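*Asks:* Sharing target35.csv below, CSV, C-alpha atoms:
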chain,number,residue,atom,x,y,z
B,1,MET,CA,-18.3,-43.9,-52.0
B,2,THR,CA,-15.0,-44.4,-53.7
B,3,ARG,CA,-14.6,-40.6,-54.3
B,4,THR,CA,-15.4,-40.0,-50.6
B,5,LEU,CA,-12.8,-42.5,-49.5
B,6,LEU,CA,-10.2,-41.1,-51.9
B,7,LEU,CA,-10.9,-37.6,-50.7
B,8,ALA,CA,-10.7,-38.6,-47.0
B,9,LEU,CA,-7.4,-40.3,-47.6
B,10,HIS,CA,-6.1,-37.3,-49.6
B,11,ILE,CA,-7.1,-34.9,-46.8
B,12,THR,CA,-5.7,-37.2,-44.1
B,13,ALA,CA,-2.3,-37.4,-46.0
B,14,VAL,CA,-2.1,-33.6,-46.3
B,15,ALA,CA,-3.0,-33.4,-42.5
B,16,ALA,CA,-0.2,-35.9,-41.8
B,17,TRP,CA,2.3,-33.7,-43.8
B,18,LEU,CA,1.2,-30.5,-42.1
B,19,GLY,CA,1.0,-32.1,-38.7
B,20,ALA,CA,4.6,-33.5,-38.9
B,21,ASN,CA,5.8,-30.1,-40.1
B,22,PHE,CA,4.1,-28.2,-37.2
B,23,VAL,CA,5.5,-30.7,-34.7
B,24,GLN,CA,9.0,-30.3,-36.0
B,25,ILE,CA,8.7,-26.5,-36.2
B,26,VAL,CA,7.6,-26.3,-32.6
B,27,LEU,CA,9.8,-29.0,-31.1
B,28,SER,CA,13.1,-28.6,-33.0
B,29,PRO,CA,14.1,-25.3,-31.3
B,30,ARG,CA,13.2,-26.7,-27.9
B,31,ILE,CA,15.1,-29.9,-28.4
B,32,ALA,CA,18.1,-27.9,-29.7
B,33,ARG,CA,18.5,-26.6,-26.2
B,34,SER,CA,18.9,-30.1,-24.9
B,35,PRO,CA,22.2,-31.9,-24.5
B,36,ALA,CA,23.9,-32.4,-27.9
B,37,ALA,CA,23.3,-36.2,-27.8
B,38,THR,CA,19.5,-35.6,-27.4
B,39,ALA,CA,19.5,-33.0,-30.2
B,40,ALA,CA,21.5,-35.3,-32.5
B,41,GLU,CA,19.0,-38.2,-31.8
B,42,TRP,CA,16.1,-35.9,-32.7
B,43,ALA,CA,17.9,-34.9,-35.9
B,44,ARG,CA,18.4,-38.6,-36.7
B,45,GLN,CA,14.6,-39.1,-36.3
B,46,THR,CA,13.8,-36.2,-38.5
B,47,VAL,CA,16.1,-37.7,-41.2
B,48,TRP,CA,14.0,-40.9,-40.8
B,49,LEU,CA,10.8,-38.9,-41.2
B,50,GLY,CA,12.2,-37.5,-44.4
B,51,ARG,CA,13.2,-40.9,-45.8
B,52,ARG,CA,10.2,-42.9,-44.8
B,53,TYR,CA,7.2,-40.9,-43.3
B,54,TYR,CA,7.1,-38.0,-45.8
B,55,ASN,CA,7.7,-40.4,-48.7
B,56,VAL,CA,4.7,-42.5,-47.7
B,57,VAL,CA,2.6,-39.4,-47.1
B,58,GLY,CA,3.7,-37.7,-50.4
B,59,THR,CA,3.0,-40.9,-52.3
B,60,LEU,CA,-0.5,-41.2,-50.8
B,61,ILE,CA,-1.2,-37.5,-51.6
B,62,GLY,CA,-0.1,-37.9,-55.2
B,63,LEU,CA,-1.9,-41.2,-55.8
B,64,THR,CA,-5.2,-40.1,-54.3
B,65,GLY,CA,-4.9,-36.8,-56.0
B,66,VAL,CA,-4.5,-38.4,-59.4
B,67,LEU,CA,-7.3,-40.9,-58.7
B,68,LEU,CA,-9.6,-38.0,-57.6
B,69,VAL,CA,-9.0,-36.2,-60.9
B,70,LEU,CA,-9.5,-39.4,-63.0
B,71,ASP,CA,-12.6,-40.3,-61.1
B,72,GLY,CA,-14.1,-36.9,-60.5
B,73,ASP,CA,-15.5,-33.8,-62.1
B,74,TRP,CA,-12.2,-31.9,-62.3
B,75,ALA,CA,-9.9,-31.6,-65.3
B,76,TRP,CA,-6.2,-31.6,-65.5
B,77,SER,CA,-6.5,-28.0,-66.7
B,78,SER,CA,-7.7,-26.9,-63.3
B,79,GLY,CA,-5.2,-24.5,-61.7
B,80,PHE,CA,-5.7,-25.8,-58.2
B,81,ILE,CA,-4.6,-29.3,-59.3
B,82,TRP,CA,-1.4,-28.0,-60.7
B,83,VAL,CA,-0.7,-25.9,-57.5
B,84,GLY,CA,-1.0,-29.2,-55.6
B,85,VAL,CA,1.3,-31.0,-58.0
B,86,VAL,CA,3.9,-28.3,-57.9
B,87,VAL,CA,3.9,-28.1,-54.1
B,88,LEU,CA,4.2,-31.9,-53.9
B,89,VAL,CA,7.2,-31.9,-56.3
B,90,ILE,CA,8.9,-28.9,-54.5
B,91,GLY,CA,8.3,-30.7,-51.1
B,92,GLY,CA,9.9,-33.8,-52.4
B,93,LEU,CA,12.9,-32.0,-53.9
B,94,MET,CA,13.4,-30.0,-50.7
B,95,GLY,CA,13.3,-33.2,-48.7
B,96,VAL,CA,16.0,-34.8,-50.8
B,97,LEU,CA,18.1,-31.8,-51.7
B,98,VAL,CA,17.8,-29.5,-48.7
B,99,PHE,CA,16.4,-31.2,-45.5
B,100,GLU,CA,18.4,-34.4,-45.6
B,101,SER,CA,21.6,-32.6,-46.5
B,102,LEU,CA,21.3,-29.9,-43.8
B,103,MET,CA,20.1,-32.4,-41.2
B,104,THR,CA,22.9,-34.8,-41.9
B,105,ARG,CA,25.4,-31.9,-41.5
B,106,ARG,CA,23.7,-30.9,-38.3
B,107,ILE,CA,24.1,-34.4,-36.9
B,108,VAL,CA,27.8,-34.4,-37.6
B,109,ALA,CA,28.1,-30.9,-36.0
B,110,LEU,CA,26.3,-32.1,-32.9
B,111,ASP,CA,28.3,-35.3,-32.7
B,112,THR,CA,31.6,-33.4,-33.0
B,113,GLY,CA,30.7,-30.6,-30.6
B,114,GLU,CA,30.4,-27.9,-33.1
B,115,ALA,CA,27.5,-26.1,-31.4
B,116,GLU,CA,27.7,-22.9,-33.4
B,117,SER,CA,27.6,-24.7,-36.7
B,118,ALA,CA,24.8,-26.9,-35.5
B,119,ALA,CA,22.8,-23.8,-34.4
B,120,GLY,CA,23.3,-22.2,-37.8
B,121,LEU,CA,22.2,-25.3,-39.6
B,122,LEU,CA,19.1,-25.5,-37.5
B,123,ARG,CA,18.2,-21.9,-38.4
B,124,ARG,CA,18.5,-22.7,-42.1
B,125,ILE,CA,16.5,-25.9,-41.6
B,126,MET,CA,13.7,-24.0,-39.8
B,127,GLN,CA,13.6,-21.4,-42.6
B,128,PHE,CA,13.0,-24.2,-45.2
B,129,ALA,CA,10.5,-25.9,-42.9
B,130,VAL,CA,8.5,-22.7,-42.7
B,131,LEU,CA,8.7,-22.3,-46.5
B,132,ASP,CA,7.5,-25.9,-47.0
B,133,THR,CA,4.6,-25.4,-44.6
B,134,VAL,CA,3.6,-22.2,-46.2
B,135,LEU,CA,3.6,-23.9,-49.6
B,136,VAL,CA,1.4,-26.7,-48.3
B,137,LEU,CA,-1.0,-24.2,-46.8
B,138,ILE,CA,-1.2,-22.3,-50.1
B,139,ALA,CA,-2.0,-25.6,-51.9
B,140,LEU,CA,-4.6,-26.3,-49.3
B,141,VAL,CA,-6.3,-22.9,-49.9
B,142,ALA,CA,-6.1,-23.5,-53.7
B,143,MET,CA,-7.8,-26.9,-53.2
B,144,VAL,CA,-10.5,-25.5,-50.9
B,145,HIS,CA,-11.3,-22.6,-53.2
B,146,ARG,CA,-10.7,-24.6,-56.4
B,147,TRP,CA,-8.6,-22.0,-58.0
B,148,GLN,CA,-9.2,-21.9,-61.8
B,149,ALA,CA,-11.4,-25.0,-61.7
B,150,GLY,CA,-11.9,-26.2,-65.2
Just give me the structure as structure tokens.
*Replies:*
Amino acid sequence: MTRTLLLALHITAVAAWLGANFVQIVLSPRIARSPAATAAEWARQTVWLGRRYYNVVGTLIGLTGVLLVLDGDWAWSSGFIWVGVVVLVIGGLMGVLVFESLMTRRIVALDTGEAESAAGLLRRIMQFAVLDTVLVLIALVAMVHRWQAG
């Protein structure tokens, strides 16, 4: 039962990460066509997601993942586990080093009426958002297929 609960929490946390990514990828370009104040508020909320939501989700993924390895039949030598660890680390680093920086710059551009700069920043943000999502999907496939399970 413990393993089932851990696995359910792990899958739910991954779904939360992917779900938030998909919502942002779909809505961000639409909201960018709104008045600058609306777009800036959306950007502020995405910064909040990065600081709070994704941190909680990432912590839950990492914690349940470690507990699943410790409590399960898998070994740390399994390739799929390390794919997940690497994606989690890359996602966290992109959140801190890329998304927050670009989004903060976008907020300033929107607040100061620099529409062209704000649009360019959104394009860069969206590229990284797609990259982040693809990496999570690769980790998901690695987990489902248990790449190099040991």
*Asks:* Got a sec: who's within 10 Å of B:Ala32, counting all atoms listed in the file, leaving out chain neighbours fewer than 3 positions off, as an mmCIF file with C-alpha atoms, keeping the file's coordinate frame?
*Replies:*
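Dumped to part36.cif:
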data_model
loop_
_atom_site.group_PDB
_atom_site.id
_atom_site.type_symbol
_atom_site.label_atom_id
_atom_site.label_comp_id
_atom_site.auth_asym_id
_atom_site.auth_seq_id
_atom_site.Cartn_x
_atom_site.Cartn_y
_atom_site.Cartn_z
ATOM 1 C CA LEU B 27 9.800 -29.000 -31.100
ATOM 2 C CA SER B 28 13.100 -28.600 -33.000
ATOM 3 C CA PRO B 29 14.100 -25.300 -31.300
ATOM 4 C CA PRO B 35 22.200 -31.900 -24.500
ATOM 5 C CA ALA B 36 23.900 -32.400 -27.900
ATOM 6 C CA ALA B 37 23.300 -36.200 -27.800
ATOM 7 C CA THR B 38 19.500 -35.600 -27.400
ATOM 8 C CA ALA B 39 19.500 -33.000 -30.200
ATOM 9 C CA ALA B 40 21.500 -35.300 -32.500
ATOM 10 C CA TRP B 42 16.100 -35.900 -32.700
ATOM 11 C CA ALA B 43 17.900 -34.900 -35.900
ATOM 12 C CA LEU B 110 26.300 -32.100 -32.900
ATOM 13 C CA ALA B 115 27.500 -26.100 -31.400
ATOM 14 C CA ALA B 118 24.800 -26.900 -35.500
ATOM 15 C CA ALA B 119 22.800 -23.800 -34.400
ATOM 16 C CA LEU B 122 19.100 -25.500 -37.500
#
*Asks:* Near B:Val134, within 12 Å and counting only C-alpha atoms, which residues show up once chain neighbours fewer than 3 positions away are dropped, as number ranges by chain?
*Replies:* B: 17-18, 21-22, 87, 90-91, 127-131, 137-141
*Asks:* Which polymer residues have any atom within 12 Å of an atom of B:Gly19, counting all atoms listed in the file, with same-chain residues fewer than 6 positions away left out, as a PyMOL selection string?
*Replies:* chain B and resi 11-13+25-26+53-54+57+133+136-137
*Asks:* Have a look at atom CA of B:Gly50 and atom CA of B:Ser101 and let me know their distance in Å, one decimal.
*Replies:* 10.8 Å
*Asks:* When you count all atoms listed in the file, which of these residues is closest to B:Val144: B:Leu9, B:Val83, B:Ile107, B:Ile125?
*Replies:*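 Under the stated criterion, the closest residue is B:Val83.
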*Asks:* In terms of the shortest atom-to-atom distance over all atoms listed in the file, which of B:Gly95, B:Gly65, B:Gly58, B:Gly84 is closest to B:Ala142?
*Replies:* B:Gly84
*Asks:* Mind rebuilding stretch 53-86 of chain B with N, CA and C atoms and writing that out as a PDB file, in the coordinates of the input?
*Replies:*
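Resulting contents of part_4.pdb:
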ATOM      1  N   TYR B  53       8.557 -41.496 -43.618  1.00  0.00           N
ATOM      2  CA  TYR B  53       7.200 -40.900 -43.300  1.00  0.00           C
ATOM      3  C   TYR B  53       6.752 -40.023 -44.466  1.00  0.00           C
ATOM      4  N   TYR B  54       7.554 -38.999 -44.785  1.00  0.00           N
ATOM      5  CA  TYR B  54       7.100 -38.000 -45.800  1.00  0.00           C
ATOM      6  C   TYR B  54       7.020 -38.705 -47.184  1.00  0.00           C
ATOM      7  N   ASN B  55       7.833 -39.714 -47.463  1.00  0.00           N
ATOM      8  CA  ASN B  55       7.700 -40.400 -48.700  1.00  0.00           C
ATOM      9  C   ASN B  55       6.377 -41.157 -48.833  1.00  0.00           C
ATOM     10  N   VAL B  56       5.978 -41.808 -47.755  1.00  0.00           N
ATOM     11  CA  VAL B  56       4.700 -42.500 -47.700  1.00  0.00           C
ATOM     12  C   VAL B  56       3.551 -41.483 -47.876  1.00  0.00           C
ATOM     13  N   VAL B  57       3.622 -40.416 -47.087  1.00  0.00           N
ATOM     14  CA  VAL B  57       2.600 -39.400 -47.100  1.00  0.00           C
ATOM     15  C   VAL B  57       2.514 -38.733 -48.495  1.00  0.00           C
ATOM     16  N   GLY B  58       3.651 -38.370 -49.055  1.00  0.00           N
ATOM     17  CA  GLY B  58       3.700 -37.700 -50.400  1.00  0.00           C
ATOM     18  C   GLY B  58       3.133 -38.663 -51.463  1.00  0.00           C
ATOM     19  N   THR B  59       3.487 -39.937 -51.386  1.00  0.00           N
ATOM     20  CA  THR B  59       3.000 -40.900 -52.300  1.00  0.00           C
ATOM     21  C   THR B  59       1.457 -41.027 -52.226  1.00  0.00           C
ATOM     22  N   LEU B  60       0.961 -41.064 -51.005  1.00  0.00           N
ATOM     23  CA  LEU B  60      -0.500 -41.200 -50.800  1.00  0.00           C
ATOM     24  C   LEU B  60      -1.195 -39.904 -51.302  1.00  0.00           C
ATOM     25  N   ILE B  61      -0.616 -38.737 -51.069  1.00  0.00           N
ATOM     26  CA  ILE B  61      -1.200 -37.500 -51.600  1.00  0.00           C
ATOM     27  C   ILE B  61      -1.244 -37.540 -53.113  1.00  0.00           C
ATOM     28  N   GLY B  62      -0.124 -37.885 -53.722  1.00  0.00           N
ATOM     29  CA  GLY B  62      -0.100 -37.900 -55.200  1.00  0.00           C
ATOM     30  C   GLY B  62      -1.002 -38.945 -55.789  1.00  0.00           C
ATOM     31  N   LEU B  63      -1.006 -40.147 -55.249  1.00  0.00           N
ATOM     32  CA  LEU B  63      -1.900 -41.200 -55.800  1.00  0.00           C
ATOM     33  C   LEU B  63      -3.333 -40.876 -55.632  1.00  0.00           C
ATOM     34  N   THR B  64      -3.738 -40.441 -54.449  1.00  0.00           N
ATOM     35  CA  THR B  64      -5.200 -40.100 -54.300  1.00  0.00           C
ATOM     36  C   THR B  64      -5.545 -38.886 -55.075  1.00  0.00           C
ATOM     37  N   GLY B  65      -4.620 -37.941 -55.227  1.00  0.00           N
ATOM     38  CA  GLY B  65      -4.900 -36.800 -56.000  1.00  0.00           C
ATOM     39  C   GLY B  65      -5.159 -37.131 -57.495  1.00  0.00           C
ATOM     40  N   VAL B  66      -4.296 -37.966 -58.049  1.00  0.00           N
ATOM     41  CA  VAL B  66      -4.500 -38.400 -59.400  1.00  0.00           C
ATOM     42  C   VAL B  66      -5.785 -39.176 -59.585  1.00  0.00           C
ATOM     43  N   LEU B  67      -6.059 -40.073 -58.656  1.00  0.00           N
ATOM     44  CA  LEU B  67      -7.300 -40.900 -58.700  1.00  0.00           C
ATOM     45  C   LEU B  67      -8.533 -39.965 -58.590  1.00  0.00           C
ATOM     46  N   LEU B  68      -8.448 -38.924 -57.777  1.00  0.00           N
ATOM     47  CA  LEU B  68      -9.600 -38.000 -57.600  1.00  0.00           C
ATOM     48  C   LEU B  68      -9.832 -37.254 -58.955  1.00  0.00           C
ATOM     49  N   VAL B  69      -8.771 -36.876 -59.652  1.00  0.00           N
ATOM     50  CA  VAL B  69      -9.000 -36.200 -60.900  1.00  0.00           C
ATOM     51  C   VAL B  69      -9.537 -37.176 -61.956  1.00  0.00           C
ATOM     52  N   LEU B  70      -9.004 -38.382 -62.003  1.00  0.00           N
ATOM     53  CA  LEU B  70      -9.500 -39.400 -63.000  1.00  0.00           C
ATOM     54  C   LEU B  70     -10.917 -39.792 -62.713  1.00  0.00           C
ATOM     55  N   ASP B  71     -11.294 -39.834 -61.438  1.00  0.00           N
ATOM     56  CA  ASP B  71     -12.600 -40.300 -61.100  1.00  0.00           C
ATOM     57  C   ASP B  71     -13.623 -39.214 -60.813  1.00  0.00           C
ATOM     58  N   GLY B  72     -13.186 -37.961 -60.869  1.00  0.00           N
ATOM     59  CA  GLY B  72     -14.100 -36.900 -60.500  1.00  0.00           C
ATOM     60  C   GLY B  72     -14.479 -35.947 -61.570  1.00  0.00           C
ATOM     61  N   ASP B  73     -14.986 -34.820 -61.159  1.00  0.00           N
ATOM     62  CA  ASP B  73     -15.500 -33.800 -62.100  1.00  0.00           C
ATOM     63  C   ASP B  73     -14.454 -32.791 -62.489  1.00  0.00           C
ATOM     64  N   TRP B  74     -13.234 -32.938 -62.020  1.00  0.00           N
ATOM     65  CA  TRP B  74     -12.200 -31.900 -62.300  1.00  0.00           C
ATOM     66  C   TRP B  74     -11.368 -32.361 -63.493  1.00  0.00           C
ATOM     67  N   ALA B  75     -10.790 -31.359 -64.128  1.00  0.00           N
ATOM     68  CA  ALA B  75      -9.900 -31.600 -65.300  1.00  0.00           C
ATOM     69  C   ALA B  75      -8.491 -31.267 -64.940  1.00  0.00           C
ATOM     70  N   TRP B  76      -7.574 -31.864 -65.680  1.00  0.00           N
ATOM     71  CA  TRP B  76      -6.200 -31.600 -65.500  1.00  0.00           C
ATOM     72  C   TRP B  76      -5.833 -30.123 -65.736  1.00  0.00           C
ATOM     73  N   SER B  77      -6.705 -29.428 -66.419  1.00  0.00           N
ATOM     74  CA  SER B  77      -6.500 -28.000 -66.700  1.00  0.00           C
ATOM     75  C   SER B  77      -6.795 -27.106 -65.520  1.00  0.00           C
ATOM     76  N   SER B  78      -7.359 -27.665 -64.464  1.00  0.00           N
ATOM     77  CA  SER B  78      -7.700 -26.900 -63.300  1.00  0.00           C
ATOM     78  C   SER B  78      -6.437 -26.378 -62.590  1.00  0.00           C
ATOM     79  N   GLY B  79      -6.400 -25.082 -62.307  1.00  0.00           N
ATOM     80  CA  GLY B  79      -5.200 -24.500 -61.700  1.00  0.00           C
ATOM     81  C   GLY B  79      -4.914 -25.077 -60.312  1.00  0.00           C
ATOM     82  N   PHE B  80      -5.955 -25.352 -59.513  1.00  0.00           N
ATOM     83  CA  PHE B  80      -5.700 -25.800 -58.200  1.00  0.00           C
ATOM     84  C   PHE B  80      -5.014 -27.205 -58.167  1.00  0.00           C
ATOM     85  N   ILE B  81      -5.278 -28.003 -59.190  1.00  0.00           N
ATOM     86  CA  ILE B  81      -4.600 -29.300 -59.300  1.00  0.00           C
ATOM     87  C   ILE B  81      -3.125 -29.122 -59.503  1.00  0.00           C
ATOM     88  N   TRP B  82      -2.770 -28.191 -60.372  1.00  0.00           N
ATOM     89  CA  TRP B  82      -1.400 -28.000 -60.700  1.00  0.00           C
ATOM     90  C   TRP B  82      -0.629 -27.281 -59.516  1.00  0.00           C
ATOM     91  N   VAL B  83      -1.337 -26.473 -58.745  1.00  0.00           N
ATOM     92  CA  VAL B  83      -0.700 -25.900 -57.500  1.00  0.00           C
ATOM     93  C   VAL B  83      -0.336 -27.084 -56.614  1.00  0.00           C
ATOM     94  N   GLY B  84      -1.246 -28.040 -56.438  1.00  0.00           N
ATOM     95  CA  GLY B  84      -1.000 -29.200 -55.600  1.00  0.00           C
ATOM     96  C   GLY B  84       0.196 -30.033 -56.137  1.00  0.00           C
ATOM     97  N   VAL B  85       0.226 -30.262 -57.434  1.00  0.00           N
ATOM     98  CA  VAL B  85       1.300 -31.000 -58.000  1.00  0.00           C
ATOM     99  C   VAL B  85       2.647 -30.350 -57.838  1.00  0.00           C
ATOM    100  N   VAL B  86       2.675 -29.043 -58.084  1.00  0.00           N
ATOM    101  CA  VAL B  86       3.900 -28.300 -57.900  1.00  0.00           C
ATOM    102  C   VAL B  86       4.409 -28.311 -56.489  1.00  0.00           C
TER     103      VAL B  86
END
